[in-house]
$ cat input-v5.cif   # mmCIF, C-alpha atoms
data_my_file
loop_
_atom_site.label_atom_id
_atom_site.label_comp_id
_atom_site.auth_asym_id
_atom_site.auth_seq_id
_atom_site.Cartn_x
_atom_site.Cartn_y
_atom_site.Cartn_z
CA MET A 287 80.33 71.02 66.77
CA ASP A 288 83.74 72.29 67.87
CA ARG A 289 84.58 75.61 69.49
CA VAL A 290 85.74 77.15 66.17
CA SER A 291 82.39 76.57 64.44
CA LEU A 292 80.45 77.76 67.49
CA TRP A 293 82.35 81.04 67.87
CA PRO A 294 80.58 83.01 65.04
CA LYS A 295 77.24 82.45 66.80
CA LEU A 296 78.65 84.35 69.79
CA THR A 297 80.06 87.33 67.88
CA GLY A 298 78.63 90.65 66.77
CA SER A 299 77.27 91.30 63.33
CA ASN A 300 80.70 91.98 61.89
CA GLY A 301 82.14 88.79 63.35
CA THR A 302 84.83 90.65 65.25
CA GLU A 303 83.36 91.38 68.69
CA PRO A 304 82.43 88.44 70.95
CA LEU A 305 79.46 90.24 72.51
CA LEU A 306 77.52 87.32 73.93
CA ALA A 307 80.64 85.53 75.08
CA MET A 308 81.76 88.61 76.96
CA ARG A 309 78.37 89.03 78.63
CA LEU A 310 78.20 85.39 79.64
CA CYS A 311 81.76 85.39 80.93
CA ARG A 312 81.82 88.68 82.78
CA PRO A 313 80.45 87.70 86.24
CA PHE A 314 82.09 84.27 86.21
CA CYS A 315 85.42 85.62 84.98
CA LEU A 316 85.45 88.35 87.64
CA LEU A 317 84.93 85.73 90.33
CA VAL A 318 87.62 83.46 88.92
CA SER A 319 90.00 86.42 88.62
CA LEU A 320 89.44 87.33 92.27
CA LEU A 321 90.01 83.81 93.52
CA VAL A 322 93.11 83.32 91.36
CA THR A 323 94.57 86.60 92.63
CA LEU A 324 93.91 85.67 96.24
CA SER A 325 95.17 82.10 95.89
CA LYS A 326 98.47 83.42 94.55
CA GLY A 327 98.92 85.56 97.66
CA LEU A 328 97.75 84.39 101.04
CA LYS A 329 99.62 81.39 102.39
CA LEU A 330 98.80 81.63 106.09
CA LEU A 331 96.06 83.04 108.29
CA GLU A 332 96.91 83.30 111.98
CA VAL A 333 93.67 82.50 113.81
CA GLY A 334 94.80 83.00 117.39
CA ALA A 335 93.32 85.81 119.46
CA PRO A 336 95.18 89.09 119.93
CA ARG A 337 97.70 89.00 122.78
CA THR A 338 98.59 85.36 122.13
CA GLY A 339 101.92 86.07 120.45
CA THR A 340 100.68 87.42 117.11
CA GLN A 341 103.35 90.12 116.99
CA SER A 342 106.06 87.49 117.44
CA ILE A 343 104.51 85.37 114.68
CA HIS A 344 104.38 88.44 112.46
CA ALA A 345 108.11 89.02 113.02
CA ALA A 346 108.93 85.35 112.45
CA LEU A 347 107.05 85.22 109.16
CA GLU A 348 108.89 88.25 107.86
CA ILE A 349 112.20 86.61 108.79
CA LEU A 350 111.01 83.64 106.72
CA GLY A 351 110.55 86.00 103.78
CA LEU A 352 106.75 86.31 103.86
CA LYS A 353 104.90 89.60 103.55
CA SER A 354 102.79 89.68 106.69
CA LEU A 355 99.80 91.84 107.59
CA HIS A 356 99.26 92.53 111.29
CA SER A 357 96.17 94.63 111.99
CA GLY A 358 97.99 96.52 114.73
CA HIS A 359 100.37 97.95 112.13
CA ASN A 360 97.72 99.02 109.62
CA GLN A 361 94.49 100.04 111.28
CA SER A 362 92.66 101.12 108.11
CA LEU A 363 92.77 97.58 106.70
CA ARG A 364 90.51 96.41 109.51
CA ILE A 365 87.61 98.43 108.17
CA PRO A 366 86.42 96.30 105.17
CA VAL A 367 86.67 93.12 107.24
CA CYS A 368 84.83 94.67 110.19
CA LYS A 369 82.15 95.97 107.87
CA TYR A 370 81.71 92.49 106.39
CA LEU A 371 81.53 90.79 109.79
CA PHE A 372 79.41 93.29 111.68
CA GLY A 373 77.96 95.70 109.12
CA ASN A 374 76.68 95.34 105.60
CA GLY A 375 80.00 94.98 103.83
CA SER A 376 80.76 92.46 101.12
CA LEU A 377 82.96 89.39 101.37
CA ALA A 378 84.78 90.42 98.19
CA ASP A 379 85.82 93.73 99.76
CA ALA A 380 86.92 91.96 102.93
CA LEU A 381 89.04 89.40 101.09
CA SER A 382 90.55 92.04 98.81
CA VAL A 383 92.37 93.42 101.86
CA LEU A 384 94.49 90.27 101.83
CA ASP A 385 95.61 90.80 98.24
CA GLY A 386 99.36 91.15 98.04
CA TYR A 387 100.04 89.59 101.45
CA ASP A 388 101.38 86.15 102.25
CA ALA A 389 99.99 86.11 105.78
CA ALA A 390 97.51 87.98 107.97
CA MET A 391 96.71 88.00 111.68
CA ASP A 392 95.11 89.60 114.70
CA GLU A 393 91.66 91.09 115.14
CA PRO A 394 89.49 90.90 113.01
CA PHE A 395 91.36 88.73 110.48
CA MET A 396 91.38 85.76 112.85
CA LEU A 397 87.57 85.69 112.64
CA ILE A 398 87.27 85.03 108.88
CA TYR A 399 88.98 81.65 108.81
CA GLU A 400 85.95 79.86 107.32
CA GLU A 401 85.73 82.31 104.44
CA VAL A 402 89.46 82.08 103.76
CA MET A 403 89.36 78.29 104.03
CA ALA A 404 86.59 78.13 101.42
CA GLN A 405 87.88 80.78 99.03
CA ILE A 406 91.63 80.11 99.18
CA PRO A 407 92.16 76.33 99.12
CA GLU A 408 95.94 76.64 99.33
CA ALA A 409 95.91 78.72 102.52
CA LYS A 410 97.05 77.23 105.80
CA PHE A 411 96.17 78.29 109.34
CA LEU A 412 98.11 78.78 112.54
CA LEU A 413 96.57 78.88 116.01
CA THR A 414 98.38 80.45 118.95
CA ILE A 415 96.88 79.72 122.37
CA SER A 416 97.62 81.24 125.76
CA ASN A 417 96.46 80.18 129.21
CA PRO A 418 92.96 81.76 129.42
CA GLU A 419 93.47 83.47 132.77
CA SER A 420 96.87 84.80 131.75
CA TRP A 421 95.50 85.99 128.43
CA TYR A 422 92.64 87.83 130.12
CA SER A 423 94.85 89.44 132.77
CA ASN A 424 97.36 90.48 130.12
CA TYR A 425 94.63 92.19 128.09
CA VAL A 426 93.18 93.98 131.14
CA ASP A 427 96.63 95.26 132.11
CA LEU A 428 97.31 96.49 128.59
CA VAL A 429 94.00 98.33 128.18
CA GLN A 430 93.88 99.87 131.62
CA THR A 431 97.53 100.90 131.64
CA ASP A 432 97.56 102.30 128.14
CA GLY A 433 94.26 104.20 128.31
CA GLY A 434 93.47 106.62 125.49
CA GLY A 435 90.09 105.11 124.58
CA TRP A 436 88.36 108.47 124.11
CA TRP A 437 87.82 107.73 120.43
CA PHE A 438 85.86 104.50 120.86
CA ASP A 439 82.38 106.07 120.97
CA LEU A 440 83.16 108.18 117.90
CA ILE A 441 83.57 105.27 115.49
CA PRO A 442 80.72 103.31 113.80
CA SER A 443 79.10 100.55 115.83
CA TYR A 444 80.28 97.83 113.44
CA LEU A 445 83.85 99.01 113.97
CA GLN A 446 83.52 99.06 117.76
CA LYS A 447 83.16 95.29 117.62
CA CYS A 448 86.60 94.99 116.03
CA PHE A 449 88.65 96.12 119.01
CA ASP A 450 89.60 94.42 122.26
CA MET A 451 87.45 91.42 121.35
CA ALA A 452 84.19 93.28 121.91
CA SER A 453 82.63 90.73 119.56
CA TRP A 454 83.29 88.16 122.31
CA ASN A 455 81.57 90.39 124.89
CA CYS A 456 84.93 91.17 126.47
CA SER A 457 85.15 94.37 128.50
CA PHE A 458 88.71 95.05 129.54
CA THR A 459 88.17 98.69 130.47
CA GLN A 460 85.51 97.89 133.08
CA PRO A 461 85.84 94.17 133.74
CA SER A 462 83.31 92.32 135.85
CA GLU A 463 82.85 88.69 136.75
CA ASP A 464 80.01 88.39 134.23
CA THR A 465 81.89 89.93 131.32
CA LYS A 466 85.03 87.97 132.20
CA LYS A 467 83.03 84.74 132.16
CA GLN A 468 81.51 85.53 128.75
CA CYS A 469 84.86 86.62 127.37
CA LEU A 470 86.70 83.49 128.46
CA GLU A 471 83.89 81.22 127.28
CA ASN A 472 84.05 82.80 123.82
CA TYR A 473 87.85 82.62 123.83
CA ALA A 474 87.68 78.88 124.52
CA ALA A 475 84.85 78.37 122.03
CA HIS A 476 86.83 80.08 119.26
CA ASN A 477 89.91 77.95 119.85
CA ALA A 478 87.82 74.78 119.98
CA ARG A 479 85.84 75.60 116.83
CA VAL A 480 88.96 76.48 114.86
CA GLN A 481 90.35 73.03 115.63
CA GLN A 482 87.01 71.42 114.79
CA ILE A 483 86.42 73.20 111.48
CA ILE A 484 89.88 73.42 109.93
CA PRO A 485 91.32 70.11 108.68
CA PRO A 486 94.41 68.97 110.61
CA ASP A 487 96.59 69.07 107.50
CA ARG A 488 95.87 72.78 107.11
CA LEU A 489 96.17 73.78 110.77
CA LEU A 490 99.18 74.14 113.05
CA VAL A 491 98.49 74.62 116.75
CA PHE A 492 101.70 76.44 117.48
CA ASN A 493 103.72 76.04 120.64
CA PHE A 494 106.36 78.76 120.97
CA SER A 495 108.67 76.29 122.66
CA ASP A 496 108.90 74.44 119.33
CA GLY A 497 110.53 77.48 117.77
CA TRP A 498 111.45 77.53 114.12
CA SER A 499 111.23 73.81 113.37
CA SER A 500 107.48 73.28 113.45
CA LEU A 501 106.63 76.59 111.77
CA SER A 502 109.17 76.18 108.98
CA HIS A 503 108.17 72.56 108.36
CA PHE A 504 104.47 73.49 108.26
CA LEU A 505 105.09 76.22 105.70
CA GLN A 506 107.60 74.06 103.79
CA LEU A 507 110.31 76.68 104.22
CA GLN A 508 113.92 76.37 105.33
CA ILE A 509 114.73 77.06 108.97
CA PRO A 510 116.32 80.53 109.02
CA ASN A 511 119.87 81.04 110.14
CA VAL A 512 119.04 83.03 113.26
CA ASP A 513 119.80 82.31 116.88
CA GLU A 514 116.37 82.54 118.48
CA PHE A 515 112.70 82.70 117.64
CA PRO A 516 111.60 86.35 117.91
CA TYR A 517 109.72 87.66 120.90
CA VAL A 518 107.96 90.93 120.12
CA ASP A 519 105.45 92.94 122.14
CA GLU A 520 105.16 96.49 120.87
CA ALA A 521 101.76 97.20 122.38
CA SER A 522 103.17 99.68 124.87
CA GLU A 523 105.03 101.69 122.25
CA LYS A 524 103.52 104.93 121.02
CA ILE A 525 102.74 103.64 117.54
CA HIS A 526 100.50 101.00 119.07
CA SER A 527 99.12 103.03 121.99
CA ARG A 528 95.38 103.32 122.20
CA ALA A 529 95.48 107.06 121.64
CA ALA A 530 97.51 106.66 118.44
CA LEU A 531 95.31 103.75 117.41
CA GLY A 532 92.20 105.89 117.82
CA GLU A 533 93.62 108.72 115.76
CA ALA A 534 94.53 106.30 112.97
CA ILE A 535 91.07 104.74 112.95
CA LEU A 536 89.24 108.07 112.94
CA GLN A 537 91.36 109.26 110.04
CA ALA A 538 90.67 106.07 108.11
CA VAL A 539 86.91 106.21 108.72
CA SER A 540 86.67 109.84 107.64
CA ALA A 541 88.81 109.33 104.53
#

$ encode --input "input-v5.cif" --output "structure tokens"
Amino acid sequence: MDRVSLWPKLTGSNGTEPLLAMRLCRPFCLLVSLLVTLSKGLKLLEVGAPRTGTQSIHAALEILGLKSLHSGHNQSLRIPVCKYLFGNGSLADALSVLDGYDAAMDEPFMLIYEEVMAQIPEAKFLLTISNPESWYSNYVDLVQTDGGGWWFDLIPSYLQKCFDMASWNCSFTQPSEDTKKQCLENYAAHNARVQQIIPPDRLLVFNFSDGWSSLSHFLQLQIPNVDEFPYVDEASEKIHSRAALGEAILQAVSA
């Protein structure tokens, strides 16, 4: 029996409305539609920790013509991913944040690499790594110099885990030897697991000294006609200050 002869058995009484077919297809088709939409968009997930050069990577990708999402530039888009990771949010809501972007990075996006790897087969991954001690000292200096963390206790607990690597038991505001040890152990464990889980053909461990050549080759894009690879660190600017960050998050949560 071919599909033409089977079709009337799946239609309504007047033979014009495919009732059963629509009911059978609906959940499957919604899932397929979601995956197709996502696979057309995201090309790269940066899985390095914050403060490992993610802002520079963000700038480089935009020079390459990709639409890049950096969580430091759009605080509200953290919320569905944070809710999925640390609350009761859905994976579909978390992944929908990536719709329309070619690349994403920084906390908490760098934590959903397994989900992206499974749901978006075409996506590639980039890992930026800093010296652990330098990374930790850099983060402590940023947090303690910038200040403005009055808002932290006002946001939901699941969201508190999405800032300053609290999910790794890091405490940059009041560092101690114990919290530093836990933080650095989790930093190393993340970098090791990323390299263990993600296939080598989908992962680039990026060295900034390699500049444009390795990144462009990995993404199969032409090397741009610019003099130098970008170096960007806007964390001290007002738009990325902790006070401004807190105001943006509180507005997003209350919206």

$ closest_residue --input "input-v5.cif" --among "A:Cys456, A:Val367, A:Ala389, A:Ala378" --to "Val429 in chain A" --atoms "all atoms listed in the file"
A:Cys456

$ residues_near_point --input "input-v5.cif" --point "(108.2, 89.3, 121.4)" --cutoff "8 Å" --atoms "only C-alpha atoms" --output "PyMOL selection string"
chain A and resi 339+341-342+516-520

$ closest_residue --input "input-v5.cif" --among "A:Ala335, A:Leu363, A:Ala346, A:Leu428" --to "Leu397 in chain A" --atoms "only C-alpha atoms"
A:Ala335

$ closest_residue --input "input-v5.cif" --among "A:Pro407, A:Pro394, A:Pro442, A:Pro461" --to "Val426 in chain A" --atoms "all atoms listed in the file"
A:Pro461

$ closest_atom_pairs --input "input-v5.cif" --of "range 357-446 of chain A" --to "range 475-484 of chain A" --cutoff "9 Å" --atoms "all atoms listed in the file" --output "JSON lines"
{"residue": "A:Leu397", "atom": "CA", "partner": "A:His476", "partner_atom": "CA", "distance": 8.7}
{"residue": "A:Tyr399", "atom": "CA", "partner": "A:Val480", "partner_atom": "CA", "distance": 8.0}
{"residue": "A:Glu400", "atom": "CA", "partner": "A:Ile483", "partner_atom": "CA", "distance": 7.9}
{"residue": "A:Met403", "atom": "CA", "partner": "A:Ile484", "partner_atom": "CA", "distance": 7.7}
{"residue": "A:Phe411", "atom": "CA", "partner": "A:Ile484", "partner_atom": "CA", "distance": 8.0}
{"residue": "A:Leu413", "atom": "CA", "partner": "A:Asn477", "partner_atom": "CA", "distance": 7.7}
{"residue": "A:Thr414", "atom": "CA", "partner": "A:Asn477", "partner_atom": "CA", "distance": 8.9}
{"residue": "A:Ile415", "atom": "CA", "partner": "A:Asn477", "partner_atom": "CA", "distance": 7.6}
